[in-house]
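> Got a structure for you, target.cif, holding mmCIF, C-alpha atoms and all ligand atoms.
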```
data_entry
loop_
_atom_site.label_atom_id
_atom_site.label_comp_id
_atom_site.auth_asym_id
_atom_site.auth_seq_id
_atom_site.Cartn_x
_atom_site.Cartn_y
_atom_site.Cartn_z
CA MET G 1 124.80 110.34 82.89
CA ASP G 2 124.54 110.73 79.11
CA GLU G 3 122.65 107.67 77.83
CA ARG G 4 124.33 107.32 74.47
CA PHE G 5 122.45 104.22 73.36
CA SER G 6 119.02 105.01 74.79
CA HIS G 7 117.54 105.06 71.26
CA LEU G 8 118.35 101.33 71.12
CA TYR G 9 116.83 100.45 74.51
CA ALA G 10 113.58 98.48 74.59
CA GLY G 11 110.40 100.44 75.28
CA ARG G 12 110.11 98.82 78.72
CA ALA G 13 113.46 100.33 79.72
CA ARG G 14 111.57 103.61 80.18
CA GLU G 15 110.02 102.00 83.25
CA ILE G 16 113.41 101.23 84.79
CA LYS G 17 114.42 104.06 87.08
CA ALA G 18 117.08 104.28 89.78
CA SER G 19 115.61 104.43 93.25
CA ILE G 20 116.45 107.41 95.42
CA ILE G 21 116.48 105.02 98.36
CA ARG G 22 119.12 102.73 96.87
CA GLU G 23 121.24 105.81 96.20
CA LEU G 24 120.83 106.85 99.83
CA LEU G 25 121.94 103.44 101.04
CA LYS G 26 125.43 104.20 99.76
CA MET G 27 125.69 106.47 102.81
CA LEU G 28 125.50 103.46 105.06
CA LEU G 29 129.12 102.91 104.19
CA ASN G 30 130.06 106.10 106.07
CA PRO G 31 130.59 105.02 109.71
CA ASP G 32 129.92 108.53 111.11
CA ILE G 33 126.36 108.57 109.84
CA ILE G 34 123.62 107.21 112.09
CA SER G 35 121.37 105.41 109.68
CA PHE G 36 117.70 104.59 110.15
CA ALA G 37 117.43 104.31 106.38
CA GLY G 38 118.12 100.83 105.05
CA GLY G 39 115.94 97.80 105.55
CA TRP G 40 119.18 96.06 106.42
CA PRO G 41 119.58 93.49 109.18
CA ASP G 42 121.99 94.20 112.02
CA VAL G 43 125.42 92.78 111.11
CA GLU G 44 125.62 91.50 114.70
CA THR G 45 122.96 88.91 113.87
CA PHE G 46 124.92 87.25 111.08
CA PRO G 47 125.69 83.57 111.79
CA SER G 48 129.41 83.48 111.00
CA ASP G 49 130.39 80.64 113.35
CA GLU G 50 127.67 78.26 112.22
CA MET G 51 128.39 79.07 108.58
CA ILE G 52 132.11 78.42 108.97
CA GLU G 53 131.32 74.97 110.37
CA ILE G 54 128.73 74.21 107.68
CA ALA G 55 130.74 75.57 104.75
CA THR G 56 133.72 73.43 105.77
CA ASP G 57 131.56 70.30 105.81
CA VAL G 58 129.71 71.12 102.60
CA PHE G 59 132.86 71.96 100.67
CA ARG G 60 134.51 68.76 101.91
CA ASN G 61 131.65 66.32 101.56
CA LYS G 62 129.18 67.75 99.04
CA ALA G 63 131.43 69.62 96.61
CA GLY G 64 130.19 67.60 93.63
CA SER G 65 126.68 68.92 94.08
CA ALA G 66 127.34 72.27 95.77
CA PHE G 67 129.66 73.54 93.03
CA GLN G 68 127.53 72.10 90.21
CA TYR G 69 124.47 73.50 88.39
CA GLY G 70 121.26 72.64 90.18
CA THR G 71 117.65 72.17 89.12
CA SER G 72 115.66 75.34 88.44
CA GLU G 73 113.11 74.54 91.16
CA GLY G 74 115.90 74.30 93.75
CA LEU G 75 117.63 71.71 95.90
CA ALA G 76 115.22 68.84 96.69
CA GLU G 77 116.30 68.44 100.32
CA LEU G 78 115.86 72.17 100.92
CA ARG G 79 112.38 72.21 99.39
CA GLU G 80 111.46 69.17 101.50
CA ALA G 81 112.66 70.88 104.67
CA LEU G 82 110.77 74.06 103.80
CA ALA G 83 107.56 72.20 103.01
CA ALA G 84 107.79 70.39 106.37
CA ARG G 85 108.38 73.70 108.19
CA ALA G 86 105.47 75.31 106.37
CA ARG G 87 103.15 72.48 107.41
CA GLU G 88 104.34 72.33 111.01
CA ARG G 89 105.09 75.95 111.90
CA GLU G 90 102.67 77.77 109.65
CA GLY G 91 99.80 75.31 109.33
CA ILE G 92 99.91 75.33 105.53
CA LYS G 93 98.08 72.09 104.87
CA GLY G 94 99.05 69.82 102.02
CA ILE G 95 102.08 71.84 100.90
CA ASP G 96 104.83 69.67 99.45
CA PRO G 97 108.07 70.24 97.52
CA ASP G 98 106.18 70.48 94.19
CA ASN G 99 104.55 73.65 95.47
CA ILE G 100 107.92 75.28 96.15
CA LEU G 101 110.53 77.09 94.07
CA ILE G 102 113.78 78.41 95.52
CA ALA G 103 114.41 81.91 94.21
CA SER G 104 117.32 84.28 94.37
CA GLY G 105 115.66 86.48 97.00
CA SER G 106 112.02 87.46 97.09
CA GLN G 107 112.88 90.23 94.67
CA GLN G 108 113.26 87.50 92.08
CA ALA G 109 109.94 85.99 93.14
CA MET G 110 108.25 89.25 92.26
CA GLU G 111 110.10 89.54 88.99
CA LEU G 112 109.07 86.00 88.04
CA ALA G 113 105.46 86.60 89.04
CA GLY G 114 105.44 89.72 86.87
CA ARG G 115 107.02 87.89 83.95
CA LEU G 116 104.55 85.01 84.22
CA LEU G 117 101.31 86.88 84.87
CA ILE G 118 101.37 90.43 83.58
CA ASP G 119 100.51 91.61 80.09
CA ALA G 120 100.80 95.31 79.31
CA GLY G 121 97.74 97.07 80.71
CA ASP G 122 96.77 94.36 83.22
CA VAL G 123 95.73 95.90 86.49
CA LEU G 124 97.77 95.20 89.56
CA LEU G 125 96.64 96.54 92.90
CA VAL G 126 99.20 97.36 95.57
CA GLY G 127 99.24 99.15 98.90
CA LEU G 128 99.42 102.90 99.22
CA PRO G 129 102.18 102.93 100.41
CA THR G 130 104.02 99.78 99.45
CA TYR G 131 107.51 98.37 98.92
CA PHE G 132 108.92 100.14 95.85
CA GLY G 133 111.00 97.07 94.85
CA ALA G 134 107.75 95.25 94.08
CA THR G 135 106.20 98.05 92.06
CA GLY G 136 109.50 98.52 90.21
CA ALA G 137 109.51 94.85 89.19
CA PHE G 138 105.88 94.95 88.02
CA LYS G 139 106.28 98.21 86.11
CA ILE G 140 108.81 96.63 83.77
CA TYR G 141 105.96 94.46 82.47
CA ARG G 142 103.87 97.59 81.97
CA ALA G 143 101.28 96.68 84.53
CA HIS G 144 98.58 99.25 85.16
CA LEU G 145 99.38 99.81 88.83
CA ASP G 146 96.82 101.26 91.19
CA GLY G 147 97.15 101.95 94.91
CA VAL G 148 94.82 100.91 97.73
CA PRO G 149 95.20 102.81 101.03
CA VAL G 150 96.84 101.01 103.93
CA ASP G 151 95.83 101.90 107.50
CA GLY G 152 96.73 100.50 110.93
CA ASP G 153 94.99 97.21 110.01
CA GLY G 154 96.69 96.80 106.63
CA MET G 155 95.24 97.21 103.14
CA GLN G 156 91.64 98.49 103.13
CA MET G 157 89.49 95.79 101.62
CA ASP G 158 86.40 97.91 100.94
CA VAL G 159 88.47 100.28 98.79
CA LEU G 160 90.15 97.31 97.13
CA GLU G 161 86.76 95.92 96.11
CA GLU G 162 85.63 99.30 94.76
CA LYS G 163 88.81 99.55 92.70
CA VAL G 164 88.47 96.02 91.32
CA ARG G 165 84.89 96.75 90.27
CA HIS G 166 85.88 100.06 88.76
CA HIS G 167 88.65 98.52 86.63
CA GLN G 168 86.54 95.58 85.55
CA ALA G 169 83.69 97.93 84.58
CA ALA G 170 86.19 99.86 82.44
CA GLY G 171 87.07 96.61 80.63
CA ARG G 172 90.46 96.16 82.28
CA ARG G 173 91.67 92.82 83.55
CA VAL G 174 92.57 92.77 87.24
CA LYS G 175 95.29 90.13 87.47
CA MET G 176 96.88 90.41 90.84
CA VAL G 177 96.91 92.05 94.25
CA TYR G 178 100.34 92.41 95.84
CA VAL G 179 100.11 92.55 99.60
CA GLN G 180 102.43 92.40 102.59
CA THR G 181 100.65 90.65 105.42
CA ASN G 182 103.06 91.12 108.34
CA PHE G 183 105.00 94.18 109.52
CA HIS G 184 104.58 95.98 106.24
CA ASN G 185 107.41 97.87 104.57
CA PRO G 186 107.29 100.87 105.06
CA MET G 187 104.44 101.10 107.61
CA GLY G 188 105.17 98.26 110.02
CA VAL G 189 101.46 97.35 110.15
CA THR G 190 99.88 93.87 109.94
CA LEU G 191 96.83 92.81 107.93
CA THR G 192 94.09 91.66 110.31
CA LEU G 193 92.61 88.16 110.14
CA GLU G 194 89.26 89.55 109.06
CA ARG G 195 90.82 91.44 106.17
CA ARG G 196 92.88 88.40 105.17
CA LYS G 197 89.72 86.32 104.89
CA ARG G 198 87.98 89.07 102.95
CA LEU G 199 90.89 89.35 100.51
CA LEU G 200 90.67 85.64 99.74
CA GLU G 201 86.92 85.93 99.16
CA LEU G 202 87.48 88.86 96.81
CA ALA G 203 90.16 86.92 94.90
CA GLU G 204 87.67 84.11 94.30
CA THR G 205 84.75 86.40 93.45
CA TYR G 206 86.69 88.60 91.03
CA ASP G 207 89.14 85.97 89.79
CA PHE G 208 92.57 87.36 90.59
CA ILE G 209 95.82 86.08 92.13
CA VAL G 210 97.11 87.35 95.46
CA MET G 211 100.84 87.70 95.87
CA GLU G 212 101.63 87.53 99.58
CA ASP G 213 105.08 88.90 100.37
CA ASN G 214 106.16 87.91 103.87
CA PRO G 215 109.86 88.56 104.50
CA TYR G 216 109.34 89.80 108.08
CA GLY G 217 106.67 87.36 109.34
CA ASP G 218 109.01 85.27 111.53
CA LEU G 219 110.20 88.38 113.36
CA ARG G 220 107.26 88.96 115.70
CA TYR G 221 108.16 90.74 118.97
CA SER G 222 104.68 91.07 120.50
CA GLY G 223 101.06 90.12 119.87
CA GLU G 224 99.64 86.89 118.51
CA PRO G 225 100.64 85.43 115.14
CA ILE G 226 97.96 85.49 112.44
CA PRO G 227 97.79 82.69 109.83
CA SER G 228 99.18 83.65 106.43
CA LEU G 229 96.91 84.02 103.42
CA MET G 230 98.65 80.93 102.12
CA ALA G 231 97.51 78.96 105.19
CA LEU G 232 93.95 80.34 105.01
CA ASP G 233 93.49 79.88 101.27
CA SER G 234 91.52 76.85 100.11
CA ASN G 235 91.36 77.87 96.43
CA ASP G 236 95.05 78.02 95.47
CA ARG G 237 94.76 81.76 94.78
CA VAL G 238 97.95 82.73 96.64
CA ILE G 239 101.56 83.01 95.54
CA TYR G 240 103.54 83.16 98.77
CA ALA G 241 107.06 84.64 98.92
CA CYS G 242 109.21 84.17 102.03
CA SER G 243 112.73 85.50 102.17
CA PHE G 244 115.75 84.49 104.22
CA SER G 245 117.21 88.00 103.93
CA LYS G 246 115.75 89.40 107.13
CA ILE G 247 115.71 86.32 109.34
CA LEU G 248 119.15 85.06 108.33
CA CYS G 249 121.20 87.26 105.99
CA PRO G 250 120.56 88.95 102.65
CA GLY G 251 123.96 87.99 101.24
CA ILE G 252 122.77 84.39 100.94
CA ARG G 253 120.18 85.65 98.37
CA LEU G 254 117.57 82.99 99.01
CA ALA G 255 113.81 82.97 99.25
CA TRP G 256 111.11 80.38 98.68
CA VAL G 257 108.01 80.86 96.63
CA ALA G 258 104.98 78.63 97.14
CA GLY G 259 101.79 78.23 95.17
CA GLU G 260 99.56 75.93 93.17
CA SER G 261 101.78 73.21 91.69
CA ALA G 262 101.09 73.86 87.98
CA LEU G 263 101.65 77.60 88.43
CA ILE G 264 104.91 76.92 90.28
CA ARG G 265 105.96 74.52 87.52
CA LYS G 266 105.38 77.28 84.96
CA MET G 267 107.38 79.67 87.13
CA VAL G 268 110.21 77.14 87.29
CA VAL G 269 110.34 76.96 83.49
CA THR G 270 110.25 80.77 83.37
CA LYS G 271 113.19 80.87 85.76
CA GLN G 272 115.17 78.46 83.56
CA PHE G 273 115.40 81.22 80.98
CA VAL G 274 116.36 83.84 83.54
CA ASP G 275 119.23 82.27 85.46
CA LEU G 276 119.03 78.46 85.02
CA CYS G 277 119.09 77.93 88.76
CA THR G 278 119.52 79.65 92.09
CA ASN G 279 123.00 79.63 93.65
CA THR G 280 123.61 76.00 94.62
CA ILE G 281 126.32 76.77 97.19
CA SER G 282 123.93 79.01 99.11
CA GLN G 283 121.17 76.41 98.93
CA HIS G 284 123.42 73.74 100.43
CA LEU G 285 124.49 76.09 103.22
CA LEU G 286 120.89 76.96 104.04
CA SER G 287 119.73 73.36 103.85
CA GLU G 288 122.36 72.30 106.39
CA PHE G 289 121.59 75.37 108.51
CA ILE G 290 118.00 74.20 108.78
CA HIS G 291 118.80 70.49 109.22
CA ARG G 292 121.19 71.23 112.10
CA GLY G 293 118.46 73.18 113.90
CA TYR G 294 120.31 76.50 113.61
CA LEU G 295 117.56 78.43 111.83
CA ASP G 296 115.00 78.20 114.62
CA LYS G 297 117.65 79.19 117.19
CA ARG G 298 118.76 82.10 115.04
CA ILE G 299 115.19 83.35 114.63
CA GLU G 300 114.73 83.25 118.41
CA LEU G 301 117.96 85.22 118.93
CA ASN G 302 116.97 87.75 116.28
CA ILE G 303 113.56 88.25 117.86
CA ARG G 304 115.16 89.05 121.22
CA HIS G 305 117.75 91.32 119.63
CA TYR G 306 115.33 93.32 117.50
CA ARG G 307 112.59 93.47 120.14
CA ALA G 308 115.00 95.38 122.39
CA LYS G 309 115.87 97.75 119.54
CA ARG G 310 112.23 98.33 118.63
CA ASP G 311 111.38 99.08 122.25
CA LEU G 312 114.33 101.43 122.54
CA MET G 313 113.41 103.37 119.42
CA LEU G 314 109.76 103.69 120.48
CA GLU G 315 110.90 104.95 123.89
CA MET G 316 113.20 107.50 122.28
CA LEU G 317 110.45 108.67 119.92
CA ASP G 318 108.19 109.27 122.92
CA LYS G 319 111.03 111.17 124.59
CA TYR G 320 112.34 113.33 121.73
CA PHE G 321 109.65 113.66 119.02
CA PRO G 322 107.07 116.45 119.31
CA SER G 323 103.52 115.37 120.14
CA GLU G 324 102.17 116.74 116.82
CA LEU G 325 103.68 113.70 115.08
CA ILE G 326 102.15 110.24 114.90
CA TRP G 327 103.94 106.97 114.37
CA THR G 328 103.15 103.28 114.10
CA ARG G 329 103.96 100.79 116.88
CA PRO G 330 104.89 97.65 114.94
CA GLN G 331 104.56 94.21 116.49
CA GLY G 332 107.50 92.95 114.47
CA GLY G 333 109.70 93.50 111.44
CA PHE G 334 112.07 96.41 110.86
CA PHE G 335 110.10 99.64 110.44
CA ILE G 336 108.34 102.48 112.21
CA PHE G 337 106.41 104.89 109.99
CA VAL G 338 106.14 108.51 111.06
CA THR G 339 103.57 111.04 109.84
CA LEU G 340 104.69 114.65 110.17
CA PRO G 341 102.37 117.66 110.18
CA GLU G 342 100.98 118.36 106.68
CA HIS G 343 103.18 121.38 106.02
CA LEU G 344 106.45 119.47 106.49
CA ASP G 345 108.26 117.83 103.61
CA ALA G 346 110.24 114.77 104.72
CA GLY G 347 112.50 115.01 101.64
CA ALA G 348 113.60 118.55 102.60
CA LEU G 349 113.98 117.43 106.21
CA LEU G 350 116.21 114.58 105.09
CA LYS G 351 118.61 116.99 103.39
CA GLU G 352 119.02 118.86 106.68
CA ALA G 353 119.27 115.63 108.65
CA ILE G 354 122.16 114.48 106.45
CA GLY G 355 123.98 117.63 107.59
CA LYS G 356 123.50 116.38 111.15
CA GLU G 357 124.79 112.93 110.16
CA VAL G 358 121.54 111.06 110.60
CA VAL G 359 119.51 109.54 107.77
CA PHE G 360 116.08 108.00 107.27
CA VAL G 361 113.95 107.28 104.22
CA ALA G 362 111.41 109.88 103.12
CA GLY G 363 108.05 108.15 102.60
CA GLN G 364 107.00 109.53 99.22
CA PRO G 365 108.71 106.93 96.96
CA PHE G 366 106.51 104.28 98.59
CA PHE G 367 103.35 106.01 97.37
CA LEU G 368 102.42 105.30 93.76
CA ASP G 369 100.32 108.43 93.51
CA GLY G 370 103.08 110.77 94.71
CA SER G 371 101.40 111.45 98.07
CA GLY G 372 103.09 110.86 101.43
CA ARG G 373 105.35 113.95 101.28
CA ASN G 374 105.03 114.39 105.03
CA THR G 375 105.93 110.81 105.95
CA MET G 376 109.16 109.05 106.85
CA ARG G 377 110.30 105.48 107.47
CA LEU G 378 112.63 104.72 110.34
CA SER G 379 114.35 101.37 110.48
CA PHE G 380 115.33 100.34 114.01
CA THR G 381 117.44 97.31 113.04
CA GLY G 382 120.60 98.48 111.33
CA ALA G 383 121.95 101.21 113.64
CA PRO G 384 123.89 100.05 116.72
CA ALA G 385 121.71 100.21 119.85
CA ASP G 386 123.98 102.78 121.51
CA ARG G 387 123.46 105.20 118.59
CA ILE G 388 119.66 105.01 118.44
CA GLU G 389 119.07 107.55 121.22
CA GLU G 390 121.51 110.06 119.73
CA GLY G 391 120.04 109.69 116.23
CA ILE G 392 116.46 110.15 117.38
CA ARG G 393 117.48 113.10 119.59
CA ARG G 394 119.06 114.86 116.61
CA LEU G 395 116.04 114.19 114.41
CA GLY G 396 113.63 115.26 117.15
CA GLU G 397 115.44 118.58 117.60
CA LEU G 398 115.43 119.23 113.90
CA ILE G 399 111.70 118.53 113.64
CA LYS G 400 110.90 120.60 116.75
CA SER G 401 112.51 123.60 115.10
CA LYS G 402 109.93 123.32 112.28
CA VAL G 403 106.58 122.46 113.88
C1 LIG A 1 108.60 93.82 101.62
C2 LIG A 1 109.85 93.36 100.97
N1 LIG A 1 109.79 92.42 100.02
C3 LIG A 1 110.90 91.96 99.42
C4 LIG A 1 112.15 92.45 99.73
C5 LIG A 1 113.34 91.91 99.00
O1 LIG A 1 113.97 90.96 99.74
P1 LIG A 1 115.03 89.91 99.18
O2 LIG A 1 116.32 90.25 99.82
O3 LIG A 1 114.49 88.58 99.61
O4 LIG A 1 115.07 90.00 97.69
C6 LIG A 1 112.26 93.43 100.71
C7 LIG A 1 113.58 93.98 101.06
O5 LIG A 1 113.73 94.94 101.74
C8 LIG A 1 111.09 93.88 101.35
O6 LIG A 1 111.12 94.81 102.31
#
```
Let me see the structure of the file written as structure tokens.
Ligand SMILES: Cc1ncc(COP(=O)(O)O)c(C=O)c1O


Amino acid sequence: MDERFSHLYAGRAREIKASIIRELLKMLLNPDIISFAGGWPDVETFPSDEMIEIATDVFRNKAGSAFQYGTSEGLAELREALAARAREREGIKGIDPDNILIASGSQQAMELAGRLLIDAGDVLLVGLPTYFGATGAFKIYRAHLDGVPVDGDGMQMDVLEEKVRHHQAAGRRVKMVYVQTNFHNPMGVTLTLERRKRLLELAETYDFIVMEDNPYGDLRYSGEPIPSLMALDSNDRVIYACSFSKILCPGIRLAWVAGESALIRKMVVTKQFVDLCTNTISQHLLSEFIHRGYLDKRIELNIRHYRAKRDLMLEMLDKYFPSELIWTRPQGGFFIFVTLPEHLDAGALLKEAIGKEVVFVAGQPFFLDGSGRNTMRLSFTGAPADRIEEGIRRLGELIKSKV
């Protein structure tokens, strides 16, 4: 599109680029396409009945507050409920409502963290690969982004330390490490306990903040839960973002951000100048959803639902994908990450797959350094269960014709 007024755009607008993945998601609207592309929850998990009941009550009895502006930090009763859950379910000691801000999705949490912490040229270390929505938000603030390889145990801490030292020796300020601890997007891997502890030590030694993004943590289908960085941290180094998009529904646009109380206060004031407050209607709905005990039930249902889909997709990959390929076996979340033989380009493969009415996400956009050409992300959540076999069969045949 001809950008007629680009000469009037701010310099930072150069960093704002449309994502190929978001463009691809438009295809989800075509019902004939089998999509393993979006990180979208299954529409079957959406809690319509409970929400009809709650919305009726809220609109009748709490209209004065639900339809009104709210405070920038978020609804008090919701923050209280979340603090109690964080203490009881996650073992985050001492967390109280002053440590919590309700954001419009965790995407906003990342935007606010960028706005609050990053000056142009500050170094921000992220996974290689990592979620492109995070890097996109940080780029707008002209962070100097650098990637740290992620393997089956999460981000590699020895490389992280080398990179921190390297940047500090070059006179750059390392401000923040952005990390996904559970069921990483796009790889599906989980950061081990040992590496979590090491990351917190490094944050203290080299004086940086850790942003822990954990939208998938409640969706564990196998293995033992590992305490979050937030729960392990005794030095207030962590900003913790937890979204309701994957465990409940993204349309509600709610997440909570936790951290040291003065930092959260500063983030609240920052948010005032962004959107005044998060959607108050949504906050009331969620607050009631939690108070009526529906959230825990819903998470349990979702775990059962997605576990079956994960198992089915893994079984189909074993059945239809050639043995030259390797893929992750996630213990939770939404994604399986496939590595193709070196000579294959997942972007080119995707174009052919679209012709066969099946889509996935090519891995390269998740790699800051442009690597990952031969990787792909498969989401097992969005496609109906009875289409997963057919989609993987088609993909498997396509790949077999190339290896
Ligand atoms: C790792 C990660 N962080 C954050 C988000 C954004 O989530 P939200 O809907 O809470 O803004 C996503 C969405 O896919 C994600 O995968």

> Which protein, DNA or RNA residues have an atom within 8 Å of ligand LIG 1 (chain A), counting only C-alpha atoms and all ligand atoms, as a list in words?

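These are the residues that qualify: Gly39, Trp40, Ser104, Gly105, Ser106, Gln107, Gln108, Ala109, Thr130, Tyr131, Gly133, Ala134, Gln180, His184, Asn185, Pro186, Asp213, Asn214, Pro215, Tyr216, Cys242, Ser243, Phe244, Ser245, Lys246, Pro250, Arg253, Leu254 and Ala255 of chain G.
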
> Do you know which residues are at most 8 Å from stretch 145-153 of chain G counting only C-alpha atoms, after dropping those on the same chain fewer than 4 positions away, and could you put them as JSON, numbers by chain?

{"G": [123, 124, 125, 126, 127, 128, 129, 135, 139, 159, 160, 163, 189, 190, 191, 192, 328, 367, 368, 369]}

> Which neighbours of stretch 11-13 of chain G fall inside 10 Å, counting only C-alpha atoms, when residues of the same chain fewer than 2 positions from it are skipped, and could you give them as a PyMOL selection string?

chain G and resi 6-9+15-17+120+139-142

> In file coordinates, which residues lie within 6 Å of (100.6, 92.6, 97.5) using only C-alpha atoms, given as an mmCIF file with C-alpha atoms, in the coordinates of the input?


```cif
data_model
loop_
_atom_site.group_PDB
_atom_site.id
_atom_site.type_symbol
_atom_site.label_atom_id
_atom_site.label_comp_id
_atom_site.auth_asym_id
_atom_site.auth_seq_id
_atom_site.Cartn_x
_atom_site.Cartn_y
_atom_site.Cartn_z
ATOM 1 C CA VAL G 126 99.200 97.360 95.570
ATOM 2 C CA VAL G 177 96.910 92.050 94.250
ATOM 3 C CA TYR G 178 100.340 92.410 95.840
ATOM 4 C CA VAL G 179 100.110 92.550 99.600
ATOM 5 C CA GLN G 180 102.430 92.400 102.590
ATOM 6 C CA MET G 211 100.840 87.700 95.870
ATOM 7 C CA GLU G 212 101.630 87.530 99.580
#
```

> Just to confirm, what's the straight-line distance from atom CA of G:Ile299 to atom CA of G:Ile247 in Å (one decimal)?

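Computed distance, atom CA of G:Ile299 to atom CA of G:Ile247, equals 6.1 Å.
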
> Between atom CA of G:Leu276 and atom CA of G:Ser72, measure the distance and give it in Å to one decimal.

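Answer for the atom CA of G:Leu276 to atom CA of G:Ser72 separation: 5.7 Å.
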
> Neighbouring residues of G:Glu260 were defined as those with any atom within 12 Å, considering all atoms listed in the file; residues of the same chain fewer than 3 positions away were excluded. Please report them as an MDAnalysis selection string.

chainID G and resid 94:101 209:210 230 233:240 257 263:267

> Between G:Leu395, G:Val43, G:Thr205, G:Thr280, which one has atoms that come closest to G:Ala76, using only C-alpha atoms?

G:Thr280

> Please output stretch 276-287 of chain G, rebuilt to include N, CA, C and O atoms, as a PDB file, in the coordinates of the input.


```pdb
ATOM      1  N   LEU G 276     118.849  79.925  84.934  1.00  0.00           N
ATOM      2  CA  LEU G 276     119.030  78.460  85.020  1.00  0.00           C
ATOM      3  C   LEU G 276     118.694  77.912  86.403  1.00  0.00           C
ATOM      4  O   LEU G 276     117.859  77.037  86.546  1.00  0.00           O
ATOM      5  N   CYS G 277     119.386  78.409  87.410  1.00  0.00           N
ATOM      6  CA  CYS G 277     119.090  77.930  88.760  1.00  0.00           C
ATOM      7  C   CYS G 277     119.595  78.935  89.784  1.00  0.00           C
ATOM      8  O   CYS G 277     120.439  79.775  89.474  1.00  0.00           O
ATOM      9  N   THR G 278     119.051  78.812  90.976  1.00  0.00           N
ATOM     10  CA  THR G 278     119.520  79.650  92.090  1.00  0.00           C
ATOM     11  C   THR G 278     120.868  79.093  92.580  1.00  0.00           C
ATOM     12  O   THR G 278     121.138  77.898  92.452  1.00  0.00           O
ATOM     13  N   ASN G 279     121.669  79.966  93.136  1.00  0.00           N
ATOM     14  CA  ASN G 279     123.000  79.630  93.650  1.00  0.00           C
ATOM     15  C   ASN G 279     122.992  78.312  94.467  1.00  0.00           C
ATOM     16  O   ASN G 279     122.360  78.234  95.528  1.00  0.00           O
ATOM     17  N   THR G 280     123.669  77.315  93.947  1.00  0.00           N
ATOM     18  CA  THR G 280     123.610  76.000  94.620  1.00  0.00           C
ATOM     19  C   THR G 280     124.443  75.978  95.908  1.00  0.00           C
ATOM     20  O   THR G 280     124.100  75.253  96.857  1.00  0.00           O
ATOM     21  N   ILE G 281     125.498  76.739  95.955  1.00  0.00           N
ATOM     22  CA  ILE G 281     126.320  76.770  97.190  1.00  0.00           C
ATOM     23  C   ILE G 281     125.454  77.313  98.340  1.00  0.00           C
ATOM     24  O   ILE G 281     125.362  76.711  99.414  1.00  0.00           O
ATOM     25  N   SER G 282     124.799  78.422  98.081  1.00  0.00           N
ATOM     26  CA  SER G 282     123.930  79.010  99.110  1.00  0.00           C
ATOM     27  C   SER G 282     122.850  78.033  99.553  1.00  0.00           C
ATOM     28  O   SER G 282     122.532  77.924 100.742  1.00  0.00           O
ATOM     29  N   GLN G 283     122.267  77.329  98.587  1.00  0.00           N
ATOM     30  CA  GLN G 283     121.170  76.410  98.930  1.00  0.00           C
ATOM     31  C   GLN G 283     121.665  75.287  99.840  1.00  0.00           C
ATOM     32  O   GLN G 283     120.973  74.879 100.779  1.00  0.00           O
ATOM     33  N   HIS G 284     122.867  74.777  99.560  1.00  0.00           N
ATOM     34  CA  HIS G 284     123.420  73.740 100.430  1.00  0.00           C
ATOM     35  C   HIS G 284     123.686  74.287 101.836  1.00  0.00           C
ATOM     36  O   HIS G 284     123.417  73.618 102.832  1.00  0.00           O
ATOM     37  N   LEU G 285     124.210  75.505 101.893  1.00  0.00           N
ATOM     38  CA  LEU G 285     124.490  76.090 103.220  1.00  0.00           C
ATOM     39  C   LEU G 285     123.185  76.234 104.004  1.00  0.00           C
ATOM     40  O   LEU G 285     123.099  75.860 105.183  1.00  0.00           O
ATOM     41  N   LEU G 286     122.161  76.755 103.345  1.00  0.00           N
ATOM     42  CA  LEU G 286     120.890  76.960 104.040  1.00  0.00           C
ATOM     43  C   LEU G 286     120.259  75.630 104.453  1.00  0.00           C
ATOM     44  O   LEU G 286     119.738  75.490 105.566  1.00  0.00           O
ATOM     45  N   SER G 287     120.330  74.663 103.548  1.00  0.00           N
ATOM     46  CA  SER G 287     119.730  73.360 103.850  1.00  0.00           C
ATOM     47  C   SER G 287     120.350  72.766 105.114  1.00  0.00           C
ATOM     48  O   SER G 287     119.651  72.312 106.027  1.00  0.00           O
TER      49      SER G 287
END
```
